[in-house]
Amino acid sequence: MDIAWTPWRYAYIAEETPARAGVPKALSAWQGDLGCVFCNMFAAVRFAVENGMPQQEADRAAGIVYRQYACCVVLNAYPYASGHCMVTPLEHLPTLHQLPEETAEEMVRIAQRVDEALYTVYRPDGVNMGINEGKAAGAGVAGHLHMHCLPRWIGDTNFMTTTAETRVLPETLDVTWQRLHDVLKDEDISEGLARWAKESAEKKGPG
Ligand SMILES: [Zn+2]
């Protein structure tokens with residue numbers, strides 16, 4: 001039962017975070033390394049946008065499907081099923097109770113949208129929405145809270161018992177990005193983006 005609930009945990013245990021993890025090649029102009037996959041990703045995107053790359057192009061390069069103000073939806077680079085993504089706050093905080101209330105509320109609202117999007121796009125029999133806090137709980141990226149969201153099908157536990165190398169995924173990450181983006185993009189986020197840009201310029205805002 002544990003495997004069925006946290007199918008994403010096993011591939012990551014004891015893995016160290018490699019240098020500049022989370023920085024995609026297209027955004028490697030950013031030279032830093034914050035030691036966190038998510039923080040690196042957000043900093044690389046911010047740097048690219050500040051240097052003229054369109055927001056959506058930078059987000060897509062990083063696998064960011066959707067964002068509001070304090071949180072975004074990121075594709076899992078090592079999905080356990082097509083559509084496997086994560087809702088994560090931009091701020092580097094390790095636990096749910098440490099999130100500012102506004103951020104926590106936004107995270108849950110986005111999770112609702114993702115949940116609906118996964119049913120819409122993938123027509124699964126069920127969906128896992130799960131948070132692991134800390135290595136002991138199976139978090140692949142400890143220290144930066146994220147909620148895994150993935151579609152599930154009756155009988156699909158078979159692929160969880162196989163190794164990562166033999167996992168069969170029927171679509172590429174780029175296809176997943178497009179499909180999820182197409183159903184998530186509808187809400188007007190221009191206000192949130194404007195606020196993000198303003199506070200980024202003042203170096204106060206999150207990622
Ligand atoms: Zn972080």
# chains A, B, ... in the order shown; residues from 1 in each chain; ligands from 1
call {"tool": "residues_around", "arguments": {"residues": "Leu34 in chain A", "least_positions_apart": "2", "cutoff": "10 Å", "atoms": "only C-alpha atoms", "output": "PyMOL selection string"}}
result
chain A and resi 19-21+32+36-41+43
call {"tool": "write_last_selection", "arguments": {"atoms": "C-alpha atoms", "output": "PDB file, in the first residue's frame"}}
result
ATOM      1  CA  ALA A  19      25.751  20.589  -9.237  1.00  0.00           C
ATOM      2  CA  ARG A  20      23.348  23.170 -10.676  1.00  0.00           C
ATOM      3  CA  ALA A  21      20.500  20.672 -10.655  1.00  0.00           C
ATOM      4  CA  GLY A  32      24.684  30.432  -9.792  1.00  0.00           C
ATOM      5  CA  CYS A  36      18.240  23.260  -4.587  1.00  0.00           C
ATOM      6  CA  VAL A  37      16.635  21.965  -7.780  1.00  0.00           C
ATOM      7  CA  PHE A  38      13.657  24.289  -7.477  1.00  0.00           C
ATOM      8  CA  CYS A  39      15.538  27.398  -6.361  1.00  0.00           C
ATOM      9  CA  ASN A  40      18.057  26.911  -9.180  1.00  0.00           C
ATOM     10  CA  MET A  41      15.228  26.551 -11.678  1.00  0.00           C
ATOM     11  CA  ALA A  43      16.602  31.741 -10.355  1.00  0.00           C
TER      12      ALA A  43
END
call {"tool": "closest_residue", "arguments": {"among": "A:Asp115, A:Leu145, A:Gly52, A:Ala136", "to": "His84 in chain A", "atoms": "only C-alpha atoms"}}
result
A:Asp115
call {"tool": "select_by_dssp", "arguments": {"residues": "range 16-151 of chain A", "states": "strand (DSSP E)", "output": "ChimeraX atom specification"}}
result
/A:64-67,71-75,85-89,126-131,147-151
call {"tool": "atom_distance", "arguments": {"atom1": "CA of Lys25 in chain A", "atom2": "CA of Pro89 in chain A"}}
result
22.7 Å
call {"tool": "atom_distance", "arguments": {"atom1": "CA of Gly143 in chain A", "atom2": "CA of Thr95 in chain A"}}
result
7.7 Å
call {"tool": "closest_residue", "arguments": {"among": "A:Glu105, A:Glu199, A:Asp33, A:Asp182", "to": "ligand 1", "atoms": "only C-alpha atoms and all ligand atoms"}}
result
A:Asp33
call {"tool": "closest_residue", "arguments": {"among": "A:Thr172, A:Thr88, A:Asn51, A:Asn76", "to": "ligand 1", "atoms": "only C-alpha atoms and all ligand atoms"}}
result
A:Thr88
call {"tool": "closest_residue", "arguments": {"among": "A:Glu101, A:Arg60, A:Val141, A:Gly155", "to": "ligand 1", "atoms": "only C-alpha atoms and all ligand atoms"}}
result
A:Val141
call {"tool": "closest_residue", "arguments": {"among": "A:Trp153, A:Tyr78, A:Phe42, A:Phe47", "to": "Trp30 in chain A", "atoms": "only C-alpha atoms"}}
result
A:Phe47
call {"tool": "residues_around", "arguments": {"residues": "Met86 in chain A", "least_positions_apart": "3", "cutoff": "8 Å", "atoms": "only C-alpha atoms", "output": "number ranges by chain"}}
result
A: 73-76, 146-149
call {"tool": "residues_around", "arguments": {"residues": "Ala58 in chain A", "least_positions_apart": "2", "cutoff": "12 Å", "atoms": "only C-alpha atoms", "output": "MDAnalysis selection string"}}
result
chainID A and resid 23:30 41:56 60:66
call {"tool": "atom_distance", "arguments": {"atom1": "CA of Leu90 in chain A", "atom2": "CA of Glu102 in chain A"}}
result
12.6 Å
call {"tool": "closest_residue", "arguments": {"among": "A:Leu93, A:Ile131, A:Leu99, A:Val108", "to": "ligand 1", "atoms": "only C-alpha atoms and all ligand atoms"}}
result
A:Leu93
call {"tool": "select_by_dssp", "arguments": {"residues": "range 40-79 of chain A", "states": "alpha helix (DSSP H)", "output": "JSON, numbers by chain"}}
result
{"A": [40, 41, 42, 43, 44, 45, 46, 47, 48, 49, 50, 55, 56, 57, 58, 59, 60, 61, 62]}
call {"tool": "residues_around", "arguments": {"residues": "Pro94 in chain A", "least_positions_apart": "4", "cutoff": "8 Å", "atoms": "only C-alpha atoms", "output": "PDB file with C-alpha atoms, in the first residue's frame"}}
result
ATOM      1  CA  GLN A  98       5.875  27.025   7.435  1.00  0.00           C
ATOM      2  CA  GLU A 133       8.535  16.321   3.848  1.00  0.00           C
ATOM      3  CA  GLY A 134      12.172  15.413   4.416  1.00  0.00           C
ATOM      4  CA  ALA A 142      14.215  17.756   0.742  1.00  0.00           C
ATOM      5  CA  GLY A 143      14.051  21.327   1.965  1.00  0.00           C
ATOM      6  CA  HIS A 144      11.778  22.708  -0.734  1.00  0.00           C
ATOM      7  CA  LEU A 145       8.168  21.722  -0.358  1.00  0.00           C
TER       8      LEU A 145
END
call {"tool": "decode", "arguments": {"residues": "range 44-58 of chain A", "atoms": "all heavy atoms", "output": "mmCIF file, in the first residue's frame"}}
result
data_model
loop_
_atom_site.group_PDB
_atom_site.id
_atom_site.type_symbol
_atom_site.label_atom_id
_atom_site.label_comp_id
_atom_site.auth_asym_id
_atom_site.auth_seq_id
_atom_site.Cartn_x
_atom_site.Cartn_y
_atom_site.Cartn_z
ATOM 1 N N ALA A 44 17.175 30.664 -12.464
ATOM 2 C CA ALA A 44 17.586 30.646 -13.871
ATOM 3 C C ALA A 44 16.502 31.257 -14.753
ATOM 4 O O ALA A 44 16.795 31.989 -15.700
ATOM 5 C CB ALA A 44 17.902 29.216 -14.311
ATOM 6 N N VAL A 45 15.243 30.970 -14.428
ATOM 7 C CA VAL A 45 14.124 31.547 -15.183
ATOM 8 C C VAL A 45 14.090 33.059 -14.971
ATOM 9 O O VAL A 45 13.965 33.835 -15.926
ATOM 10 C CB VAL A 45 12.776 30.921 -14.759
ATOM 11 C CG1 VAL A 45 11.604 31.728 -15.309
ATOM 12 C CG2 VAL A 45 12.690 29.474 -15.242
ATOM 13 N N ARG A 46 14.222 33.474 -13.717
ATOM 14 C CA ARG A 46 14.172 34.905 -13.415
ATOM 15 C C ARG A 46 15.275 35.649 -14.164
ATOM 16 O O ARG A 46 15.045 36.702 -14.763
ATOM 17 C CB ARG A 46 14.334 35.130 -11.912
ATOM 18 C CG ARG A 46 14.486 36.593 -11.538
ATOM 19 C CD ARG A 46 14.834 36.786 -10.085
ATOM 20 N NE ARG A 46 13.661 36.615 -9.237
ATOM 21 C CZ ARG A 46 13.649 36.892 -7.936
ATOM 22 N NH1 ARG A 46 14.745 37.320 -7.347
ATOM 23 N NH2 ARG A 46 12.563 36.736 -7.218
ATOM 24 N N PHE A 47 16.470 35.060 -14.158
ATOM 25 C CA PHE A 47 17.613 35.681 -14.835
ATOM 26 C C PHE A 47 17.344 35.817 -16.332
ATOM 27 O O PHE A 47 17.601 36.857 -16.946
ATOM 28 C CB PHE A 47 18.877 34.850 -14.599
ATOM 29 C CG PHE A 47 20.120 35.435 -15.207
ATOM 30 C CD1 PHE A 47 20.863 36.401 -14.540
ATOM 31 C CD2 PHE A 47 20.551 35.023 -16.465
ATOM 32 C CE1 PHE A 47 22.009 36.949 -15.109
ATOM 33 C CE2 PHE A 47 21.695 35.567 -17.046
ATOM 34 C CZ PHE A 47 22.428 36.528 -16.362
ATOM 35 N N ALA A 48 16.805 34.740 -16.921
ATOM 36 C CA ALA A 48 16.534 34.749 -18.363
ATOM 37 C C ALA A 48 15.499 35.819 -18.717
ATOM 38 O O ALA A 48 15.658 36.556 -19.691
ATOM 39 C CB ALA A 48 16.050 33.366 -18.807
ATOM 40 N N VAL A 49 14.447 35.908 -17.892
ATOM 41 C CA VAL A 49 13.387 36.891 -18.158
ATOM 42 C C VAL A 49 13.930 38.316 -17.988
ATOM 43 O O VAL A 49 13.639 39.201 -18.791
ATOM 44 C CB VAL A 49 12.172 36.645 -17.231
ATOM 45 C CG1 VAL A 49 11.169 37.783 -17.331
ATOM 46 C CG2 VAL A 49 11.514 35.316 -17.586
ATOM 47 N N GLU A 50 14.740 38.495 -16.958
ATOM 48 C CA GLU A 50 15.328 39.826 -16.737
ATOM 49 C C GLU A 50 16.250 40.230 -17.886
ATOM 50 O O GLU A 50 16.512 41.406 -18.110
ATOM 51 C CB GLU A 50 16.111 39.844 -15.414
ATOM 52 C CG GLU A 50 15.202 39.924 -14.202
ATOM 53 C CD GLU A 50 15.949 39.756 -12.880
ATOM 54 O OE1 GLU A 50 17.171 39.472 -12.912
ATOM 55 O OE2 GLU A 50 15.310 39.888 -11.832
ATOM 56 N N ASN A 51 16.730 39.214 -18.597
ATOM 57 C CA ASN A 51 17.629 39.492 -19.718
ATOM 58 C C ASN A 51 16.942 39.351 -21.075
ATOM 59 O O ASN A 51 17.601 39.143 -22.094
ATOM 60 C CB ASN A 51 18.869 38.607 -19.628
ATOM 61 C CG ASN A 51 19.821 39.096 -18.535
ATOM 62 O OD1 ASN A 51 20.607 40.009 -18.739
ATOM 63 N ND2 ASN A 51 19.687 38.514 -17.347
ATOM 64 N N GLY A 52 15.618 39.414 -21.047
ATOM 65 C CA GLY A 52 14.893 39.564 -22.297
ATOM 66 C C GLY A 52 14.172 38.356 -22.838
ATOM 67 O O GLY A 52 13.471 38.446 -23.842
ATOM 68 N N MET A 53 14.336 37.191 -22.209
ATOM 69 C CA MET A 53 13.618 36.024 -22.729
ATOM 70 C C MET A 53 12.141 36.137 -22.345
ATOM 71 O O MET A 53 11.820 36.497 -21.213
ATOM 72 C CB MET A 53 14.209 34.731 -22.142
ATOM 73 C CG MET A 53 13.633 33.448 -22.765
ATOM 74 S SD MET A 53 14.339 31.918 -22.063
ATOM 75 C CE MET A 53 15.963 31.890 -22.808
ATOM 76 N N PRO A 54 11.225 35.854 -23.268
ATOM 77 C CA PRO A 54 9.805 35.872 -22.906
ATOM 78 C C PRO A 54 9.528 34.901 -21.753
ATOM 79 O O PRO A 54 10.111 33.818 -21.700
ATOM 80 C CB PRO A 54 9.113 35.416 -24.188
ATOM 81 C CG PRO A 54 10.075 35.709 -25.285
ATOM 82 C CD PRO A 54 11.442 35.525 -24.679
ATOM 83 N N GLN A 55 8.623 35.342 -20.866
ATOM 84 C CA GLN A 55 8.311 34.538 -19.683
ATOM 85 C C GLN A 55 7.942 33.104 -20.042
ATOM 86 O O GLN A 55 8.451 32.141 -19.458
ATOM 87 C CB GLN A 55 7.140 35.189 -18.931
ATOM 88 C CG GLN A 55 6.711 34.438 -17.680
ATOM 89 C CD GLN A 55 7.690 34.675 -16.535
ATOM 90 O OE1 GLN A 55 8.039 35.814 -16.232
ATOM 91 N NE2 GLN A 55 8.153 33.606 -15.903
ATOM 92 N N GLN A 56 7.070 32.942 -21.022
ATOM 93 C CA GLN A 56 6.613 31.581 -21.320
ATOM 94 C C GLN A 56 7.728 30.709 -21.890
ATOM 95 O O GLN A 56 7.796 29.515 -21.605
ATOM 96 C CB GLN A 56 5.420 31.604 -22.286
ATOM 97 C CG GLN A 56 4.873 30.189 -22.512
ATOM 98 C CD GLN A 56 3.569 30.162 -23.285
ATOM 99 O OE1 GLN A 56 2.627 30.869 -22.931
ATOM 100 N NE2 GLN A 56 3.527 29.361 -24.328
ATOM 101 N N GLU A 57 8.598 31.318 -22.654
ATOM 102 C CA GLU A 57 9.716 30.551 -23.221
ATOM 103 C C GLU A 57 10.642 30.065 -22.106
ATOM 104 O O GLU A 57 11.102 28.908 -22.100
ATOM 105 C CB GLU A 57 10.483 31.444 -24.206
ATOM 106 C CG GLU A 57 11.566 30.698 -24.983
ATOM 107 C CD GLU A 57 12.338 31.631 -25.918
ATOM 108 O OE1 GLU A 57 11.774 32.670 -26.317
ATOM 109 O OE2 GLU A 57 13.497 31.310 -26.233
ATOM 110 N N ALA A 58 10.922 30.939 -21.152
ATOM 111 C CA ALA A 58 11.791 30.558 -20.030
ATOM 112 C C ALA A 58 11.114 29.500 -19.160
ATOM 113 O O ALA A 58 11.734 28.517 -18.747
ATOM 114 C CB ALA A 58 12.132 31.790 -19.198
#
